[in-house]
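**Q** Please find upload-v5.pdb (PDB, C-alpha atoms) on the next line:
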MODEL        1
ATOM      1  CA  MET A   1     -61.761  70.396 106.758
ATOM      2  CA  SER A   2     -61.206  66.641 106.749
ATOM      3  CA  ILE A   3     -63.652  64.028 108.040
ATOM      4  CA  ASN A   4     -61.356  63.453 111.052
ATOM      5  CA  SER A   5     -61.513  67.139 111.979
ATOM      6  CA  HIS A   6     -65.308  67.083 111.633
ATOM      7  CA  ILE A   7     -65.578  63.985 113.837
ATOM      8  CA  ILE A   8     -63.363  65.503 116.535
ATOM      9  CA  LEU A   9     -65.265  68.821 116.439
ATOM     10  CA  PHE A  10     -68.619  67.010 116.496
ATOM     11  CA  ASN A  11     -67.585  64.910 119.499
ATOM     12  CA  LYS A  12     -66.274  67.964 121.376
ATOM     13  CA  ARG A  13     -69.512  69.869 120.758
ATOM     14  CA  LEU A  14     -71.531  66.994 122.174
ATOM     15  CA  ASN A  15     -69.072  66.538 125.063
ATOM     16  CA  LYS A  16     -68.614  62.951 123.944
ATOM     17  CA  PRO A  17     -65.318  61.133 124.123
ATOM     18  CA  ASN A  18     -63.874  60.319 120.733
ATOM     19  CA  HIS A  19     -61.633  57.579 122.130
ATOM     20  CA  ASP A  20     -58.685  59.009 120.211
ATOM     21  CA  LEU A  21     -60.440  58.498 116.878
ATOM     22  CA  TYR A  22     -58.121  59.176 113.955
ATOM     23  CA  GLN A  23     -59.158  57.250 110.867
ATOM     24  CA  THR A  24     -56.443  55.671 108.733
ATOM     25  CA  SER A  25     -56.223  56.863 105.134
ATOM     26  CA  SER A  26     -57.582  54.246 102.762
ATOM     27  CA  TRP A  27     -54.528  54.629 100.486
ATOM     28  CA  ALA A  28     -52.253  53.698 103.437
ATOM     29  CA  ILE A  29     -54.277  50.543 104.058
ATOM     30  CA  GLN A  30     -54.222  49.648 100.361
ATOM     31  CA  VAL A  31     -50.427  50.053 100.170
ATOM     32  CA  MET A  32     -50.044  47.732 103.188
ATOM     33  CA  LEU A  33     -52.432  45.136 101.719
ATOM     34  CA  THR A  34     -50.599  45.211  98.389
ATOM     35  CA  GLU A  35     -47.297  44.558 100.166
ATOM     36  CA  LEU A  36     -48.743  41.633 102.173
ATOM     37  CA  LEU A  37     -51.003  40.085  99.504
ATOM     38  CA  SER A  38     -48.928  36.923  99.278
ATOM     39  CA  GLU A  39     -49.419  36.315 103.017
ATOM     40  CA  LEU A  40     -53.075  37.303 103.420
ATOM     41  CA  LYS A  41     -55.878  34.984 102.310
ATOM     42  CA  VAL A  42     -59.349  36.191 101.296
ATOM     43  CA  ASP A  43     -61.028  33.265 103.067
ATOM     44  CA  TRP A  44     -59.360  34.028 106.420
ATOM     45  CA  SER A  45     -61.304  35.536 109.300
ATOM     46  CA  TYR A  46     -60.301  39.129 110.083
ATOM     47  CA  LEU A  47     -60.898  41.283 113.160
ATOM     48  CA  GLU A  48     -60.740  45.065 113.404
ATOM     49  CA  PRO A  49     -61.014  45.789 117.163
ATOM     50  CA  CYS A  50     -60.958  49.615 116.856
ATOM     51  CA  ASN A  51     -63.205  49.931 113.834
ATOM     52  CA  GLY A  52     -64.233  53.574 114.029
ATOM     53  CA  TYR A  53     -66.067  54.420 110.811
ATOM     54  CA  ASN A  54     -65.148  51.353 108.710
ATOM     55  CA  VAL A  55     -62.087  52.706 106.889
ATOM     56  CA  ILE A  56     -59.862  49.647 107.390
ATOM     57  CA  THR A  57     -62.746  47.199 107.046
ATOM     58  CA  ASP A  58     -64.078  48.927 103.906
ATOM     59  CA  VAL A  59     -60.683  48.508 102.238
ATOM     60  CA  LEU A  60     -60.610  44.848 103.323
ATOM     61  CA  ASP A  61     -64.117  44.384 101.853
ATOM     62  CA  GLN A  62     -63.130  46.124  98.598
ATOM     63  CA  ASN A  63     -60.202  43.694  98.256
ATOM     64  CA  GLY A  64     -62.407  40.620  98.608
ATOM     65  CA  PHE A  65     -61.818  39.827 102.280
ATOM     66  CA  LYS A  66     -65.335  38.760 103.307
ATOM     67  CA  LYS A  67     -65.028  37.376 106.846
ATOM     68  CA  VAL A  68     -64.450  40.674 108.649
ATOM     69  CA  TYR A  69     -65.648  41.243 112.227
ATOM     70  CA  ARG A  70     -65.767  44.768 113.628
ATOM     71  CA  LEU A  71     -65.450  45.869 117.260
ATOM     72  CA  ASP A  72     -65.464  49.318 118.794
ATOM     73  CA  ILE A  73     -65.854  50.699 122.288
ATOM     74  CA  ASP A  74     -67.704  53.807 121.020
ATOM     75  CA  GLN A  75     -71.374  53.292 120.163
ATOM     76  CA  ASP A  76     -71.230  56.260 117.774
ATOM     77  CA  CYS A  77     -68.898  54.209 115.573
ATOM     78  CA  VAL A  78     -69.692  51.230 113.345
ATOM     79  CA  ALA A  79     -69.290  47.748 114.849
ATOM     80  CA  ASP A  80     -70.711  44.262 114.979
ATOM     81  CA  GLU A  81     -70.153  44.407 118.735
ATOM     82  CA  TYR A  82     -69.536  47.365 121.085
ATOM     83  CA  VAL A  83     -66.973  46.250 123.664
ATOM     84  CA  ASP A  84     -63.643  47.125 125.224
ATOM     85  CA  PHE A  85     -61.309  44.955 123.154
ATOM     86  CA  LEU A  86     -58.815  44.589 125.996
ATOM     87  CA  ASN A  87     -61.499  42.866 128.121
ATOM     88  CA  TRP A  88     -63.199  40.950 125.295
ATOM     89  CA  GLU A  89     -63.255  37.178 124.938
ATOM     90  CA  PRO A  90     -63.749  36.108 121.309
ATOM     91  CA  PRO A  91     -66.129  33.282 120.442
ATOM     92  CA  GLU A  92     -63.388  31.854 118.198
ATOM     93  CA  LEU A  93     -59.846  32.670 117.124
ATOM     94  CA  PHE A  94     -59.176  34.794 114.046
ATOM     95  CA  ASN A  95     -56.579  34.394 111.311
ATOM     96  CA  CYS A  96     -55.669  38.079 111.279
ATOM     97  CA  VAL A  97     -56.193  41.277 113.282
ATOM     98  CA  VAL A  98     -55.777  44.591 111.450
ATOM     99  CA  MET A  99     -55.951  47.730 113.584
ATOM    100  CA  ASN A 100     -55.020  51.304 114.286
ATOM    101  CA  PRO A 101     -55.506  51.307 118.070
ATOM    102  CA  PRO A 102     -55.871  54.476 120.162
ATOM    103  CA  TYR A 103     -52.591  56.279 120.607
ATOM    104  CA  LYS A 104     -53.279  58.379 123.699
ATOM    105  CA  LEU A 105     -54.021  55.388 125.893
ATOM    106  CA  ASN A 106     -50.317  54.541 125.642
ATOM    107  CA  ASN A 107     -51.128  50.858 125.633
ATOM    108  CA  ARG A 108     -50.305  49.706 122.122
ATOM    109  CA  CYS A 109     -48.340  46.820 123.575
ATOM    110  CA  GLU A 110     -51.489  45.767 125.449
ATOM    111  CA  PHE A 111     -53.508  45.923 122.212
ATOM    112  CA  ILE A 112     -50.892  43.885 120.341
ATOM    113  CA  ASN A 113     -50.606  41.356 123.150
ATOM    114  CA  LYS A 114     -54.413  40.971 123.255
ATOM    115  CA  ALA A 115     -54.531  40.674 119.453
ATOM    116  CA  LEU A 116     -51.904  37.913 119.577
ATOM    117  CA  GLN A 117     -54.174  36.097 122.044
ATOM    118  CA  VAL A 118     -57.161  36.201 119.674
ATOM    119  CA  VAL A 119     -55.362  34.909 116.548
ATOM    120  CA  GLU A 120     -54.596  31.304 115.697
ATOM    121  CA  ASP A 121     -51.034  29.957 115.721
ATOM    122  CA  LYS A 122     -49.129  31.604 112.856
ATOM    123  CA  GLY A 123     -51.947  34.201 112.678
ATOM    124  CA  LEU A 124     -51.063  37.808 111.843
ATOM    125  CA  VAL A 125     -51.514  40.999 113.842
ATOM    126  CA  ILE A 126     -51.093  44.134 111.740
ATOM    127  CA  THR A 127     -51.072  47.428 113.588
ATOM    128  CA  LEU A 128     -50.426  50.975 112.452
ATOM    129  CA  SER A 129     -48.242  53.049 114.738
ATOM    130  CA  ARG A 130     -45.833  55.937 114.740
ATOM    131  CA  ILE A 131     -42.374  54.797 113.745
ATOM    132  CA  LEU A 132     -41.281  56.069 117.177
ATOM    133  CA  PHE A 133     -43.084  53.042 118.615
ATOM    134  CA  VAL A 134     -39.793  51.144 118.340
ATOM    135  CA  GLU A 135     -38.237  53.432 120.986
ATOM    136  CA  SER A 136     -38.085  52.936 124.788
ATOM    137  CA  ALA A 137     -36.725  50.280 127.115
ATOM    138  CA  LYS A 138     -40.197  48.970 127.941
ATOM    139  CA  ARG A 139     -41.061  48.399 124.287
ATOM    140  CA  ALA A 140     -37.597  46.983 123.584
ATOM    141  CA  ASP A 141     -38.409  44.237 126.085
ATOM    142  CA  PHE A 142     -41.787  43.753 124.387
ATOM    143  CA  PHE A 143     -40.130  43.476 120.948
ATOM    144  CA  LYS A 144     -37.645  40.909 122.297
ATOM    145  CA  GLN A 145     -40.565  38.780 123.442
ATOM    146  CA  PHE A 146     -42.715  39.462 120.358
ATOM    147  CA  PRO A 147     -40.482  40.460 117.442
ATOM    148  CA  PRO A 148     -42.410  41.837 114.474
ATOM    149  CA  LYS A 149     -42.093  39.771 111.321
ATOM    150  CA  TYR A 150     -42.141  42.978 109.274
ATOM    151  CA  ILE A 151     -42.092  46.702 109.849
ATOM    152  CA  LEU A 152     -43.581  48.392 106.771
ATOM    153  CA  VAL A 153     -42.547  52.054 106.865
ATOM    154  CA  HIS A 154     -44.635  54.499 104.856
ATOM    155  CA  LYS A 155     -42.518  56.569 102.473
ATOM    156  CA  ARG A 156     -45.308  59.131 102.445
ATOM    157  CA  ARG A 157     -46.487  60.862 105.641
ATOM    158  CA  LEU A 158     -49.923  60.068 107.035
ATOM    159  CA  ALA A 159     -51.628  63.268 108.161
ATOM    160  CA  PHE A 160     -54.850  62.125 109.902
ATOM    161  CA  GLY A 161     -56.584  65.376 108.964
ATOM    162  CA  MET A 162     -53.743  67.647 110.059
ATOM    163  CA  LYS A 163     -50.215  68.544 109.003
ATOM    164  CA  SER A 164     -47.796  65.948 110.266
ATOM    165  CA  GLY A 165     -44.057  65.536 110.422
ATOM    166  CA  ILE A 166     -44.408  62.113 112.000
ATOM    167  CA  GLY A 167     -43.611  58.895 110.191
ATOM    168  CA  TYR A 168     -45.858  55.847 110.467
ATOM    169  CA  ALA A 169     -45.363  52.144 109.885
ATOM    170  CA  TRP A 170     -47.391  48.955 109.883
ATOM    171  CA  PHE A 171     -45.986  46.557 112.472
ATOM    172  CA  VAL A 172     -46.748  42.999 111.375
ATOM    173  CA  PHE A 173     -46.569  40.329 114.057
ATOM    174  CA  GLN A 174     -46.990  36.625 113.401
ATOM    175  CA  LYS A 175     -47.994  34.547 116.414
ATOM    176  CA  GLY A 176     -45.018  32.363 117.298
ATOM    177  CA  HIS A 177     -42.498  34.262 115.111
ATOM    178  CA  GLN A 178     -39.052  34.428 116.716
ATOM    179  CA  GLY A 179     -36.913  35.270 113.692
ATOM    180  CA  PRO A 180     -35.447  38.579 112.573
ATOM    181  CA  THR A 181     -37.614  41.566 111.709
ATOM    182  CA  ILE A 182     -37.639  42.566 108.040
ATOM    183  CA  LEU A 183     -37.805  46.314 107.452
ATOM    184  CA  LYS A 184     -39.484  47.478 104.226
ATOM    185  CA  TRP A 185     -40.488  50.856 102.806
ATOM    186  CA  ILE A 186     -43.889  51.072 101.205
TER
ENDMDL
END
Here is a file; write its structure as structure tokens.

**A**
Amino acid sequence: MSINSHIILFNKRLNKPNHDLYQTSSWAIQVMLTELLSELKVDWSYLEPCNGYNVITDVLDQNGFKKVYRLDIDQDCVADEYVDFLNWEPPELFNCVVMNPPYKLNNRCEFINKALQVVEDKGLVITLSRILFVESAKRADFFKQFPPKYILVHKRRLAFGMKSGIGYAWFVFQKGHQGPTILKWI
């Protein structure tokens, strides 16, 4: 049984919400970082607003990114601050937000919009989502307003502790970007 399955079972036994906690595989984060290394700077400030158990932030740390701030709404998770990201006001703007926000809340656009508010001009927002995120009229309007700079599609399926036939991609937004979206397979 994977760590994700254990976390979900543990939370159900304690009747605690798990806030849709599915940890991203470290290899998936590493592949994304490798693809974006020319754009990411180790001295930038990074925010992970849905930190969970440090998977994304551990990979950032292992790659030399030292200014990493962690948020989570769940006090059973690891964070520098326990808050609802969507209602949070940062003390300063960040250079980059990297996140795998909750899926069930059906508010990824809200998370991305909030993340774009907390990054500096030309700052990056990198979010993991199902490739199906590009579908729907509502999101089409969102993508017209905030076109991703890149969509990095995983060639390999991410399973999140279970069998999965669903494809995932990293959607990379740059604050102020209005050009075309570049699609890459990683």

**Q** Could you expand the PyMOL selection byres ((chain A and resi 129) around 10) into the explicit residues it covers here, written as a PyMOL selection string?

**A** chain A and resi 99-103+108+126-128+130-134+153+167-171

**Q** In Å to one decimal, how far is CA of Leu47 in chain A from CA of Lys144 in chain A?

**A**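 One can read the CA of Lys144 in chain A to CA of Leu47 in chain A distance as 25.0 Å.
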
**Q** Return the single residue from A:Leu60, A:Trp44, A:Glu135, A:Leu86 that is closest to Trp27 in chain A, with distances computed using all atoms listed in the file.

**A**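 Checking each of A:Leu60, A:Trp44, A:Glu135, A:Leu86 against Trp27 in chain A, counting all atoms listed in the file, the winner is A:Leu60.
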
**Q** For CA of Tyr53 in chain A and CA of Gln23 in chain A, determine how far apart the two atoms are, in Å to one decimal place.

**A**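 About the pair CA of Tyr53 in chain A and CA of Gln23 in chain A: they are 7.5 Å apart.
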
**Q** Could you list, as a list of chain:residue names, every residue matched by the PyMOL selection byres ((chain A and resi 81) around 10) in this structure?

**A**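 Checked against the file, the PyMOL selection byres ((chain A and resi 81) around 10) matches A:Pro49, A:Tyr69, A:Arg70, A:Leu71, A:Asp72, A:Ile73, A:Asp74, A:Gln75, A:Val78, A:Ala79, A:Asp80, A:Tyr82, A:Val83, A:Asp84, A:Phe85.
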
**Q** Once the PyMOL selection byres ((chain A and resi 121) around 7) has been evaluated on this model, what residues remain selected, and can you format them as a ChimeraX atom specification?

**A** /A:119-120,122-123,175-176

**Q** How far is it from CA of Gly64 in chain A to CA of Thr24 in chain A, in Å with one decimal?

**A**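 Value for the CA of Gly64 in chain A-CA of Thr24 in chain A distance: 19.1 Å.
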
**Q** With only C-alpha atoms as the atoms that count, which of A:Gln174, A:Arg157, A:Leu40, A:Glu48 lies nearest to Asn113 in chain A?

**A**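 Of A:Gln174, A:Arg157, A:Leu40, A:Glu48, the one nearest Asn113 in chain A is A:Gln174, counting only C-alpha atoms.
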
**Q** Just the residues within 7 Å of Tyr46 in chain A, please, counting all atoms listed in the file, with nothing from its chain fewer than 3 positions along; format it as number ranges by chain.

**A** A: 67-69, 94-97

**Q** Residues as selected, C-alpha atoms, written as a short mmCIF file (atom, residue, chain, number, x, y, z; two decimals), in the frame of the given file, can you do that?

**A**
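As written to disk, selection34.cif reads:
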data_model
loop_
_atom_site.label_atom_id
_atom_site.label_comp_id
_atom_site.auth_asym_id
_atom_site.auth_seq_id
_atom_site.Cartn_x
_atom_site.Cartn_y
_atom_site.Cartn_z
CA LYS A 67 -65.03 37.38 106.85
CA VAL A 68 -64.45 40.67 108.65
CA TYR A 69 -65.65 41.24 112.23
CA PHE A 94 -59.18 34.79 114.05
CA ASN A 95 -56.58 34.39 111.31
CA CYS A 96 -55.67 38.08 111.28
CA VAL A 97 -56.19 41.28 113.28
#

**Q** Please determine, counting all atoms listed in the file, which residue among A:Phe142, A:Ser45, A:Thr57, A:Gln178 has the shortest atom-to-atom distance to Val118 in chain A.

**A**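 Checking each candidate against Val118 in chain A, we get A:Ser45 as the closest.
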
**Q** Just checking: using all atoms listed in the file, which residue out of A:Leu37, A:Val31, A:Val42, A:Val98 ends up closest to Asn54 in chain A?

**A**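 Closest to Asn54 in chain A, using all atoms listed in the file: A:Val98.
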
**Q** Mind checking which residues fall within 10 Å of Leu36 in chain A, counting all atoms listed in the file, ignoring those fewer than 5 positions away in the same chain, and posting them as a list in words?

**A** Gln30, Val31, Lys41, Tyr150, Leu152 and Val172 of chain A
